[in-house]
Each structure stands twice: as C-alpha cells, then as structure tokens.
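Participant: Input model21.csv, format and content: CSV, C-alpha atoms.
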```
chain,number,residue,atom,x,y,z
U,1,MET,CA,-1.5,7.3,19.3
U,2,SER,CA,-2.2,10.3,17.1
U,3,ALA,CA,-1.2,13.9,17.9
U,4,TYR,CA,-4.2,15.1,16.0
U,5,ILE,CA,-6.6,12.9,18.0
U,6,LYS,CA,-5.0,14.1,21.2
U,7,LEU,CA,-5.6,17.8,20.1
U,8,ILE,CA,-9.2,17.0,19.3
U,9,GLN,CA,-9.6,15.3,22.7
U,10,GLU,CA,-8.1,18.5,24.3
U,11,HIS,CA,-10.5,20.7,22.4
U,12,LEU,CA,-13.5,18.5,23.3
U,13,THR,CA,-12.5,18.6,27.0
U,14,ALA,CA,-12.1,22.4,26.9
U,15,VAL,CA,-15.6,22.9,25.5
U,16,GLY,CA,-17.2,20.5,28.0
U,17,TYR,CA,-17.4,17.1,26.3
U,18,ASP,CA,-15.8,14.0,27.8
U,19,PRO,CA,-13.6,12.1,25.3
U,20,GLY,CA,-12.2,9.9,28.0
U,21,PRO,CA,-8.4,10.0,28.6
U,22,VAL,CA,-6.5,12.6,26.5
U,23,ASP,CA,-4.2,10.0,25.1
U,24,GLY,CA,-4.4,10.3,21.3
U,25,VAL,CA,-6.4,7.1,20.9
U,26,ASN,CA,-9.8,7.4,19.1
U,27,GLY,CA,-11.7,5.1,21.4
U,28,GLU,CA,-15.5,4.7,22.0
U,29,LYS,CA,-15.6,7.7,24.4
U,30,THR,CA,-13.9,10.0,22.0
U,31,ASP,CA,-16.2,8.9,19.2
U,32,ALA,CA,-19.2,9.5,21.4
U,33,ALA,CA,-18.0,12.9,22.4
U,34,ILE,CA,-17.4,13.9,18.8
U,35,ARG,CA,-20.9,12.7,17.8
U,36,LYS,CA,-22.5,14.6,20.7
U,37,PHE,CA,-20.6,17.8,19.8
U,38,GLN,CA,-21.7,17.4,16.2
U,39,LYS,CA,-25.3,16.8,17.2
U,40,GLU,CA,-25.4,19.8,19.5
U,41,ASN,CA,-23.8,22.1,17.0
U,42,GLY,CA,-26.0,21.2,14.0
U,43,LEU,CA,-23.3,19.3,12.1
U,44,VAL,CA,-23.5,16.0,10.3
U,45,VAL,CA,-23.2,13.3,13.0
U,46,ASP,CA,-20.7,10.9,11.7
U,47,GLY,CA,-18.0,10.8,14.4
U,48,LEU,CA,-15.4,12.1,11.9
U,49,VAL,CA,-13.6,15.4,12.4
U,50,GLY,CA,-13.7,16.9,9.0
U,51,GLU,CA,-13.3,20.5,8.1
U,52,LYS,CA,-16.7,21.7,9.5
U,53,THR,CA,-16.4,19.8,12.8
U,54,HIS,CA,-12.7,21.0,13.1
U,55,ASP,CA,-13.7,24.6,12.6
U,56,ALA,CA,-16.7,24.4,14.9
U,57,LEU,CA,-14.4,23.0,17.6
U,58,LEU,CA,-11.9,25.8,17.2
U,59,ILE,CA,-14.6,28.4,17.4
U,60,ALA,CA,-16.2,26.7,20.5
U,61,LYS,CA,-12.8,26.5,22.2
U,62,ALA,CA,-12.1,30.2,21.4
U,63,MET,CA,-15.4,31.2,22.9
U,64,VAL,CA,-15.1,29.2,26.2
U,65,ASN,CA,-13.2,31.9,28.1
U,66,LEU,CA,-15.1,34.8,26.7
U,67,LYS,CA,-18.1,36.4,28.3
U,68,LEU,CA,-21.2,37.8,26.7
U,69,GLU,CA,-23.0,40.9,27.8
U,70,GLN,CA,-26.8,41.0,28.0
U,71,ASP,CA,-27.0,42.3,24.4
U,72,GLY,CA,-24.9,39.4,23.2
U,73,LYS,CA,-21.7,41.3,22.6
U,74,LEU,CA,-18.4,39.8,23.6
U,75,VAL,CA,-16.5,41.2,26.6
U,76,LEU,CA,-12.8,41.0,25.9
U,77,LYS,CA,-10.4,41.5,28.9
U,78,ASN,CA,-7.8,43.4,26.9
U,79,PHE,CA,-9.7,45.2,24.2
U,80,ALA,CA,-12.1,48.1,24.2
U,81,LYS,CA,-15.6,47.6,22.7
U,82,ASP,CA,-14.8,49.9,19.7
U,83,GLU,CA,-11.2,48.8,19.1
U,84,PHE,CA,-12.2,46.7,16.0
U,85,THR,CA,-14.9,49.0,14.6
U,86,CYS,CA,-14.5,51.2,11.5
U,87,ILE,CA,-12.6,54.4,12.3
U,88,CYS,CA,-15.3,56.6,10.6
U,89,GLY,CA,-17.8,55.8,13.4
U,90,CYS,CA,-20.3,54.0,11.1
U,91,GLY,CA,-20.5,51.1,13.5
U,92,LEU,CA,-19.2,48.4,11.2
U,93,ASP,CA,-17.4,45.8,13.4
U,94,ILE,CA,-15.5,42.6,13.0
U,95,CYS,CA,-17.0,39.2,13.7
U,96,ASP,CA,-16.8,37.6,17.2
U,97,ARG,CA,-14.6,34.8,15.9
U,98,LEU,CA,-11.8,37.3,15.1
U,99,LYS,CA,-12.3,39.2,18.3
U,100,ALA,CA,-11.9,35.9,20.2
U,101,PHE,CA,-8.8,35.2,18.1
U,102,ALA,CA,-7.3,38.6,18.9
U,103,GLN,CA,-7.7,37.8,22.6
U,104,GLU,CA,-6.2,34.3,22.1
U,105,LEU,CA,-3.2,35.9,20.3
U,106,ARG,CA,-2.6,38.4,23.0
U,107,ASP,CA,-2.9,35.7,25.7
U,108,PHE,CA,-0.6,33.3,23.9
U,109,PHE,CA,2.2,35.9,23.5
U,110,GLY,CA,1.5,37.9,26.7
U,111,TRP,CA,2.2,41.3,25.0
U,112,PRO,CA,-0.3,44.1,24.3
U,113,LEU,CA,-1.7,43.7,20.8
U,114,THR,CA,-2.3,46.9,18.8
U,115,ILE,CA,-5.2,46.7,16.3
U,116,SER,CA,-4.1,49.0,13.5
U,117,SER,CA,-7.1,48.4,11.3
U,118,GLY,CA,-10.3,46.5,12.0
U,119,ALA,CA,-13.6,46.7,10.0
U,120,ARG,CA,-13.7,49.2,7.2
U,121,CYS,CA,-16.6,50.7,5.4
U,122,PRO,CA,-16.1,51.3,1.6
U,123,PRO,CA,-14.9,54.9,1.9
U,124,VAL,CA,-12.4,54.1,4.7
U,125,ASN,CA,-11.2,51.0,2.8
U,126,LEU,CA,-10.6,53.2,-0.3
U,127,GLU,CA,-8.8,55.8,1.7
U,128,GLU,CA,-6.6,53.2,3.4
U,129,GLY,CA,-5.7,51.7,0.0
U,130,GLY,CA,-7.5,48.4,0.6
U,131,VAL,CA,-8.4,46.1,-2.2
U,132,PRO,CA,-12.0,46.2,-3.5
U,133,ASN,CA,-12.9,42.8,-2.2
U,134,SER,CA,-11.1,43.3,1.2
U,135,CYS,CA,-12.2,41.1,4.1
U,136,HIS,CA,-12.1,44.3,6.2
U,137,LEU,CA,-15.3,45.4,4.3
U,138,THR,CA,-17.3,42.5,5.8
U,139,GLY,CA,-15.8,42.5,9.2
U,140,GLU,CA,-13.8,39.4,8.5
U,141,ALA,CA,-10.3,40.8,8.9
U,142,PHE,CA,-8.1,42.9,11.1
U,143,ASP,CA,-4.4,44.1,11.1
U,144,ALA,CA,-2.3,44.0,14.2
U,145,TYR,CA,1.2,44.1,15.7
U,146,PHE,CA,3.0,43.8,19.1
U,147,THR,CA,4.6,47.2,19.8
U,148,GLY,CA,8.3,46.8,20.4
U,149,HIS,CA,8.3,43.1,19.6
U,150,MET,CA,7.9,42.9,15.8
U,151,ASN,CA,10.5,41.2,13.7
U,152,ASP,CA,10.6,38.4,11.2
U,153,HIS,CA,10.7,35.7,14.0
U,154,THR,CA,7.7,37.2,15.8
U,155,MET,CA,5.8,37.5,12.6
U,156,ALA,CA,6.5,33.9,11.7
U,157,GLN,CA,5.3,32.8,15.2
U,158,MET,CA,2.1,35.0,14.9
U,159,ALA,CA,1.4,33.4,11.5
U,160,ASP,CA,2.0,29.9,12.8
U,161,PHE,CA,-0.4,30.5,15.7
U,162,ALA,CA,-3.0,31.9,13.4
U,163,VAL,CA,-2.9,28.9,11.1
U,164,SER,CA,-3.1,26.6,14.1
U,165,GLN,CA,-6.3,28.3,15.0
U,166,GLY,CA,-7.8,28.2,11.5
U,167,ILE,CA,-7.3,31.9,10.8
U,168,GLY,CA,-5.9,33.1,7.5
U,169,VAL,CA,-2.9,35.4,7.7
U,170,ILE,CA,-0.8,37.6,5.5
U,171,ARG,CA,2.5,38.9,6.8
U,172,TYR,CA,3.8,42.4,5.9
U,173,PRO,CA,7.4,42.3,7.0
U,174,ASN,CA,8.3,45.7,5.6
U,175,LEU,CA,5.6,47.3,7.6
U,176,LEU,CA,5.9,45.0,10.6
U,177,PHE,CA,2.3,43.9,11.0
U,178,CYS,CA,0.1,40.9,10.2
U,179,HIS,CA,-3.3,40.8,8.5
U,180,PHE,CA,-5.6,38.2,10.0
U,181,GLN,CA,-8.8,37.0,8.3
U,182,ILE,CA,-11.5,34.4,8.4
U,183,PHE,CA,-10.4,31.3,6.5
U,184,PRO,CA,-11.1,30.2,3.9
U,185,ARG,CA,-12.5,33.6,2.7
U,186,ASN,CA,-9.2,33.8,0.9
U,187,ASP,CA,-6.5,31.2,1.0
U,188,PHE,CA,-3.6,31.4,3.6
U,189,ILE,CA,-1.0,33.8,2.2
U,190,TYR,CA,2.1,33.1,4.1
```
Could you write out this structure as structure tokens?

Facilitator:
Amino acid sequence: MSAYIKLIQEHLTAVGYDPGPVDGVNGEKTDAAIRKFQKENGLVVDGLVGEKTHDALLIAKAMVNLKLEQDGKLVLKNFAKDEFTCICGCGLDICDRLKAFAQELRDFFGWPLTISSGARCPPVNLEEGGVPNSCHLTGEAFDAYFTGHMNDHTMAQMADFAVSQGIGVIRYPNLLFCHFQIFPRNDFIY
C-alpha cells in the first residue's frame, strides 16, 4: 500500500474517475482511471503519475467545487470578483488556478482570508516595491493573511498546505503574510 497512490486515487475519485477501492494499491482500475484522465486532459497516456499528470489532477480537483459564470469567470463563494485584480483598475487579474487555491486555503483553515496584493501592472508593482520579474505582473501570484490568526505556526501550516497543493510559497514572518505563486514559475522558497 502506498500513501501517494491512495492520494492519487482520492483525487481521481473527486474529479469523477473510478480508480476502484481507495486503498493505496495501484491495480488495474487505478491504472485505467489514470490513463482515462490523461487521455481526456491531453496528457501523455502512460498510466504513470509524473509531474504533468500530478499537476493536472491538482488543478482538476481544485476546480471541482467551483462554478463558472456564463462568461467563463470563476464564482468564488468567499471572494469578490475584483478582489484579486490590480488596484489601479487596469483589469489585470490573477489566474483561475490561484483563485481556486485561495478558496481552498480559506476552506481548509475556516478563517476569512485577506488578499493584500493580487495582480499588479508594472507601475503598481514598482510603487509597491515588487521585483522586476514578479509573478504578480503576470497574474501568477497573490499575497494573503488571516486577520487575527497570523503567527509562525499558522504561516508554517499555510506554507505546508500550499506545497501540498503544488503552489509555490514565500513566507514573510516579519510582515505576517504569505506570498503564493504558480509553481514552478520560481522555486519554492520556504
């Protein structure tokens, strides 16, 4: 029995594929479910859960409980439409994968999550002291914190949760927030 295979089986089940019993054993049904997922998601069909299949499963699982409006935009139960957009009003927004992750993070901890910085156009990024190649510039990052709950332990838990979901994270303990970004745009900075 493998804990990783069990996790894959749980993810496959959550996104509508039948791997058979969720028991951590990579049997014929699990192999068939992996291959079907790969085929239907434009991946190499080899029955192996490599990096691309793993990432696609994480994204698919994150999107399961989210709804799309008619225009294809995500509807998040705890966040306003413009909560992740650039503060200047230019319309630059973060990617759906990070929006889904923000909702997952909030759901996992059960506390309101404050987005302190989402997408940033170049002038806003410069004004906020962002680095020239910031992931915020391409909508691949946001900064957030839990009001009244931030400490080293909470930050460590947030970082662990992000890594488990395939999201890059940088902790800012002196400022009590975490920066989350699409991985592997930059490496995990723990």

Participant: Considering all atoms listed in the file, return as JSON, numbers by chain whatever protein or nucleic-acid residues lie within 10 Å of range 6-22 of chain U, sequence-local ones (same chain, fewer than 5 positions apart) excluded.

Facilitator: {"U": [1, 27, 28, 29, 30, 31, 32, 33, 34, 36, 37, 49, 54, 57, 58, 59, 60, 61, 62, 63, 64, 65]}

Participant: What does the distance between CA of Asp23 in chain U and CA of Ile5 in chain U come to in Å, to one decimal place?

Facilitator: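 About the pair CA of Asp23 in chain U and CA of Ile5 in chain U: they are 8.0 Å apart.
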
Participant: What gap, in Å, lies between CA of Gly139 in chain U and CA of Leu92 in chain U?

Facilitator: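 For CA of Gly139 in chain U relative to CA of Leu92 in chain U, the distance reads 7.1 Å.
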
Participant: Please, what distance in Å, to one decimal, runs between CA of His149 in chain U and CA of Phe109 in chain U?

Facilitator: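 The value is 10.2 Å.
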
Participant: Which polymer residues have any atom within 6 Å of an atom of range 178-181 of chain U, counting all atoms listed in the file, with same-chain residues fewer than 3 positions away left out, as a PyMOL selection string?

Facilitator: chain U and resi 140-144+167-172

Participant: So, counting only C-alpha atoms, which residue among U:Phe146, U:Glu104, U:Phe84, U:Arg97 is closest to Ala119 in chain U?

Facilitator: U:Phe84

Participant: Write out as a list in words each polymer residue whose atoms come within 9 Å of Asp55 in chain U, counting all atoms listed in the file; drop sequence neighbours fewer than 5 positions from it.

Facilitator: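 In the requested form, the answer reads Gly50, Ala60, Gln165 and Gly166 of chain U.
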
Participant: So which one's closest to Met158 in chain U, U:Val45, U:Leu175, U:Val131, U:Ala102? Using only C-alpha atoms, please.

Facilitator: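 Of the candidates, the smallest distance to Met158 in chain U is held by U:Ala102.
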